[in-house]
Each structure stands twice: as structure tokens, then as C-alpha cells.
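*Asks:* Next up, work_34.csv (CSV, C-alpha atoms).
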chain,number,residue,atom,x,y,z
A,558,MET,CA,9.1,-1.5,10.4
A,559,LEU,CA,8.1,-5.2,11.1
A,560,ARG,CA,10.2,-6.3,8.0
A,561,THR,CA,13.3,-4.4,9.3
A,562,LEU,CA,12.9,-5.9,12.8
A,563,SER,CA,12.3,-9.4,11.4
A,564,ALA,CA,15.5,-9.1,9.2
A,565,CYS,CA,17.5,-8.1,12.3
A,566,ILE,CA,16.0,-10.9,14.3
A,567,SER,CA,16.8,-13.4,11.5
A,568,LEU,CA,20.4,-12.3,11.6
A,569,PHE,CA,20.5,-12.9,15.4
A,570,VAL,CA,19.4,-16.4,14.7
A,571,GLU,CA,22.0,-16.8,12.0
A,572,PHE,CA,24.9,-15.4,14.1
A,573,ALA,CA,24.0,-16.6,17.5
A,574,GLY,CA,22.7,-20.0,16.7
A,575,CYS,CA,19.5,-19.7,18.7
A,576,VAL,CA,15.8,-19.4,18.1
A,577,ILE,CA,14.2,-16.0,18.4
A,578,SER,CA,10.6,-15.4,17.5
A,579,PRO,CA,10.2,-12.4,15.2
A,580,GLN,CA,6.7,-11.7,16.4
A,581,SER,CA,7.6,-11.4,20.1
A,582,ILE,CA,10.3,-8.8,19.4
A,583,ALA,CA,8.3,-6.9,16.9
A,584,ASP,CA,5.6,-6.3,19.6
A,585,THR,CA,7.7,-3.7,21.4
A,586,LYS,CA,10.0,-1.0,20.1
A,587,PRO,CA,13.7,-1.6,20.7
A,588,PRO,CA,15.7,0.8,22.9
A,589,ALA,CA,17.7,3.7,21.5
A,590,PRO,CA,21.3,3.1,20.6
A,591,ASP,CA,22.5,5.5,23.3
A,592,SER,CA,20.2,4.1,26.1
A,593,VAL,CA,21.6,2.7,29.3
A,594,GLN,CA,20.1,-0.7,28.4
A,595,ALA,CA,22.1,-0.8,25.2
A,596,THR,CA,25.4,0.8,26.4
A,597,ARG,CA,25.9,-0.8,29.8
A,598,PHE,CA,26.5,-4.5,30.7
A,599,GLY,CA,24.4,-3.9,33.8
A,600,TYR,CA,26.1,-6.2,36.3
A,601,ARG,CA,29.2,-6.0,38.4
A,602,THR,CA,30.2,-9.6,37.7
A,603,VAL,CA,29.6,-12.3,35.1
A,604,GLN,CA,28.2,-14.6,37.7
A,605,ALA,CA,25.8,-11.9,39.0
A,606,ALA,CA,24.5,-11.4,35.5
A,607,LEU,CA,24.0,-15.1,34.8
A,608,SER,CA,22.4,-15.8,38.2
A,609,GLU,CA,19.9,-12.9,37.9
A,610,LEU,CA,19.1,-13.8,34.3
A,611,ARG,CA,18.4,-17.4,35.3
A,612,THR,CA,15.7,-16.2,37.6
A,613,LYS,CA,14.2,-13.6,35.3
A,614,SER,CA,10.8,-14.4,34.0
A,615,GLY,CA,10.2,-14.4,30.2
A,616,VAL,CA,13.7,-15.3,29.2
A,617,GLN,CA,14.7,-18.4,27.3
A,618,ILE,CA,17.9,-20.1,28.3
A,619,SER,CA,19.7,-22.6,26.1
A,620,ASP,CA,23.0,-24.4,25.8
A,621,GLU,CA,24.8,-24.0,22.5
A,622,LYS,CA,28.0,-26.0,22.4
A,623,GLY,CA,28.7,-25.3,26.1
A,624,TRP,CA,27.8,-21.6,25.8
A,625,THR,CA,24.9,-20.4,27.9
A,626,ILE,CA,22.6,-18.3,25.7
A,627,VAL,CA,20.0,-16.1,27.3
A,628,ASP,CA,17.3,-14.7,24.9
A,629,ASP,CA,15.5,-11.8,26.5
A,630,LYS,CA,12.9,-10.9,23.9
A,631,LEU,CA,11.2,-8.2,25.9
A,632,GLU,CA,14.5,-6.4,26.4
A,633,HIS,CA,15.6,-7.1,22.7
A,634,THR,CA,18.8,-8.6,24.2
A,635,LEU,CA,20.8,-11.7,23.5
A,636,TRP,CA,23.4,-12.7,26.2
A,637,SER,CA,26.2,-15.2,25.5
A,638,PHE,CA,28.2,-16.7,28.4
A,639,THR,CA,31.4,-18.6,27.9
A,640,PRO,CA,31.7,-22.2,29.0
A,641,SER,CA,34.1,-23.0,31.9
A,642,THR,CA,36.5,-24.6,29.3
A,643,HIS,CA,36.8,-21.4,27.3
A,644,PRO,CA,40.1,-19.3,27.7
A,645,ALA,CA,38.1,-16.2,28.4
A,646,TYR,CA,36.0,-17.7,31.1
A,647,PRO,CA,34.2,-16.2,32.9
A,648,ALA,CA,32.8,-13.8,30.3
A,649,GLY,CA,29.5,-12.5,29.1
A,650,ILE,CA,28.6,-10.7,25.9
A,651,LYS,CA,25.4,-8.7,25.7
A,652,GLN,CA,24.0,-7.8,22.3
A,653,VAL,CA,21.0,-5.4,22.1
A,654,ILE,CA,18.9,-4.7,19.0
A,655,THR,CA,18.4,-0.9,19.0
A,656,GLN,CA,16.4,1.6,16.9
A,657,ASP,CA,17.2,5.2,16.5
A,658,ALA,CA,14.8,8.1,16.0
A,659,LYS,CA,15.0,7.7,12.2
A,660,GLY,CA,14.0,4.0,12.5
A,661,ASP,CA,17.5,2.6,11.7
A,662,ILE,CA,18.2,-0.7,13.4
A,663,ARG,CA,21.6,-1.4,15.0
A,664,VAL,CA,23.1,-4.1,17.3
A,665,ILE,CA,25.0,-2.7,20.2
A,666,MET,CA,27.5,-5.0,22.0
A,667,THR,CA,28.9,-4.7,25.5
A,668,ALA,CA,31.0,-7.3,27.4
A,669,LEU,CA,32.3,-8.2,30.8
A,670,CYS,CA,35.3,-10.5,30.9
A,671,GLN,CA,37.0,-11.6,34.1
A,672,ALA,CA,39.8,-13.7,32.5
A,673,SER,CA,43.2,-12.6,31.2
A,674,ARG,CA,43.5,-9.5,29.1
A,675,GLY,CA,44.6,-11.4,26.0
A,676,ALA,CA,41.8,-14.0,26.2
A,677,CYS,CA,39.2,-11.2,26.8
A,678,ASP,CA,40.5,-9.1,23.9
A,679,LYS,CA,40.3,-12.1,21.6
A,680,LEU,CA,36.8,-12.9,22.6
A,681,VAL,CA,35.6,-9.3,22.2
A,682,GLU,CA,37.2,-9.0,18.8
A,683,GLU,CA,35.5,-12.3,17.7
A,684,PHE,CA,32.1,-11.0,18.8
A,685,ARG,CA,32.8,-7.5,17.4
A,686,GLY,CA,33.4,-9.0,14.0
A,687,ARG,CA,30.2,-11.0,14.2
A,688,THR,CA,28.2,-8.0,15.4
A,689,GLU,CA,29.7,-5.9,12.5
A,690,ARG,CA,28.7,-8.5,9.9
A,691,MET,CA,25.3,-8.7,11.5
A,692,ALA,CA,24.9,-4.9,11.4
A,693,GLU,CA,26.0,-4.8,7.7
A,694,GLN,CA,23.5,-7.4,6.7
A,695,VAL,CA,20.7,-5.5,8.6
A,696,ARG,CA,21.6,-2.3,6.8
A,697,ALA,CA,21.6,-4.2,3.4
A,698,ARG,CA,18.2,-5.6,4.2
A,699,GLN,CA,16.9,-2.2,5.3
A,700,ARG,CA,18.0,-0.7,2.0
A,701,GLY,CA,16.4,-3.5,0.0
A,702,GLY,CA,13.2,-3.4,2.0
A,703,GLN,CA,12.5,0.3,1.6
Please, can you express the file's structure as C-alpha cells?

*Replies:*
Amino acid sequence: MLRTLSACISLFVEFAGCVISPQSIADTKPPAPDSVQATRFGYRTVQAALSELRTKSGVQISDEKGWTIVDDKLEHTLWSFTPSTHPAYPAGIKQVITQDAKGDIRVIMTALCQASRGACDKLVEEFRGRTERMAEQVRARQRGGQ
């Protein structure tokens, strides 16, 4: 189990460009793929999400090429917020590492974008592609590790 979670976490690092500690995530079980935590963005506005996450204890906030990245290890969640110069600003992408009853690991993505429809669609498609590549690599590592 730890190997599978570590593989998933390593992929988060590769695709998100931020540092996530395998041990801190492996200490607790990820939520189910159909959980509210995984399937809902959880905030009415992008600004509300970012404001509340900035005050949440235990999260690590970093700046990656203008993007605000919030790493919430306890919630198995990585948040990415667009910089003000991005066409899809303001927007937030939430990616949650999940685990189903069989032990399979998946990454569930939700987004809230308050820019034009076209800019938002493009942003979501870019992240969807990254999330799919991440999930495929996790599945490949799961098959190889079992």
C-alpha cells in the first residue's frame, strides 16, 4: 500500500512541480473516489477558496511560475490557482488522491473557473490531460508493484 501511495505522490511531484512528502500522505488513507471531498470543489468562488486555504493550518503554499500551489497533505489534495496574468484567471484546480475499496489509487480533478468559457475550457482540458497521464502512470506502477 505504501508503495502505491508513494508512486502516486511521486507523480504529483512530477506533474505539479511541487514537493510532497510521501510519508505524510501515507500516514492516512485517501478518501474514496465518490466522496464529497473528491468530487466537489468546495467553495463558491476561487477567491474564497484561496483565502480560506491561506489560513488553514498544515498546508504548504508555494509559488510556481506565478501559480499559487496549495499542498494539503492531510486532505490528499493539491490546489493550483492561476496567476492574474493567465487567460483563465481567476481559476482553481483541485486534484485529490483517492483510493477505492479495492485499494486502487486514482486522481480526481475538479475546477472552478470564473473567466471566459473558452479560457476555462482550455485550462480544464490541459489539466485533464495531465491528470489522465498521471493516473495512467499510477496504474502502471500499481501493476508493476504487485

*Asks:* Got a sec: who's within 12 Å of Asp591 of chain A, counting all atoms listed in the file, leaving out chain neighbours fewer than 2 positions off, as number ranges by chain?

*Replies:* A: 587-589, 593-597, 653-658, 663-666

*Asks:* Using only C-alpha atoms, which residues sit within 10 Å of segment 635-644 of chain A once same-chain residues fewer than 3 positions away are excluded, as a ChimeraX atom specification?

*Replies:* /A:569,573,575,577,598,603-604,606-607,610,616-630,632,647-654,666-670,672-673,675-677,679-680,684

*Asks:* What is the distance between atom CA of Ala692 of chain A and atom CA of Asp661 of chain A, in Å to one decimal?

*Replies:*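 Rounded to one decimal, the two atoms are 10.5 Å apart.
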
*Asks:* Atom CA of Arg685 of chain A and atom CA of Thr634 of chain A are how many Å apart?

*Replies:*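 Atom-to-atom, atom CA of Arg685 of chain A and atom CA of Thr634 of chain A are spaced 15.6 Å apart.
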
*Asks:* What is the atom CA of Thr612 of chain A to atom CA of Gln671 of chain A distance in Å?

*Replies:*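 Calculated distance between atom CA of Thr612 of chain A and atom CA of Gln671 of chain A is 22.1 Å.
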
*Asks:* Find, counting all atoms listed in the file, the residue in A:Lys659, A:Ala645, A:Pro590, A:Glu689 that gets nearest to Arg674 of chain A.

*Replies:*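 Smallest distance to Arg674 of chain A is found for A:Ala645.
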
*Asks:* Hey, which of A:Tyr600, A:Arg696, A:Ser592, A:Gly615 ends up closest to Ile662 of chain A? Count only C-alpha atoms.

*Replies:*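 Closest residue, counting only C-alpha atoms: A:Arg696.
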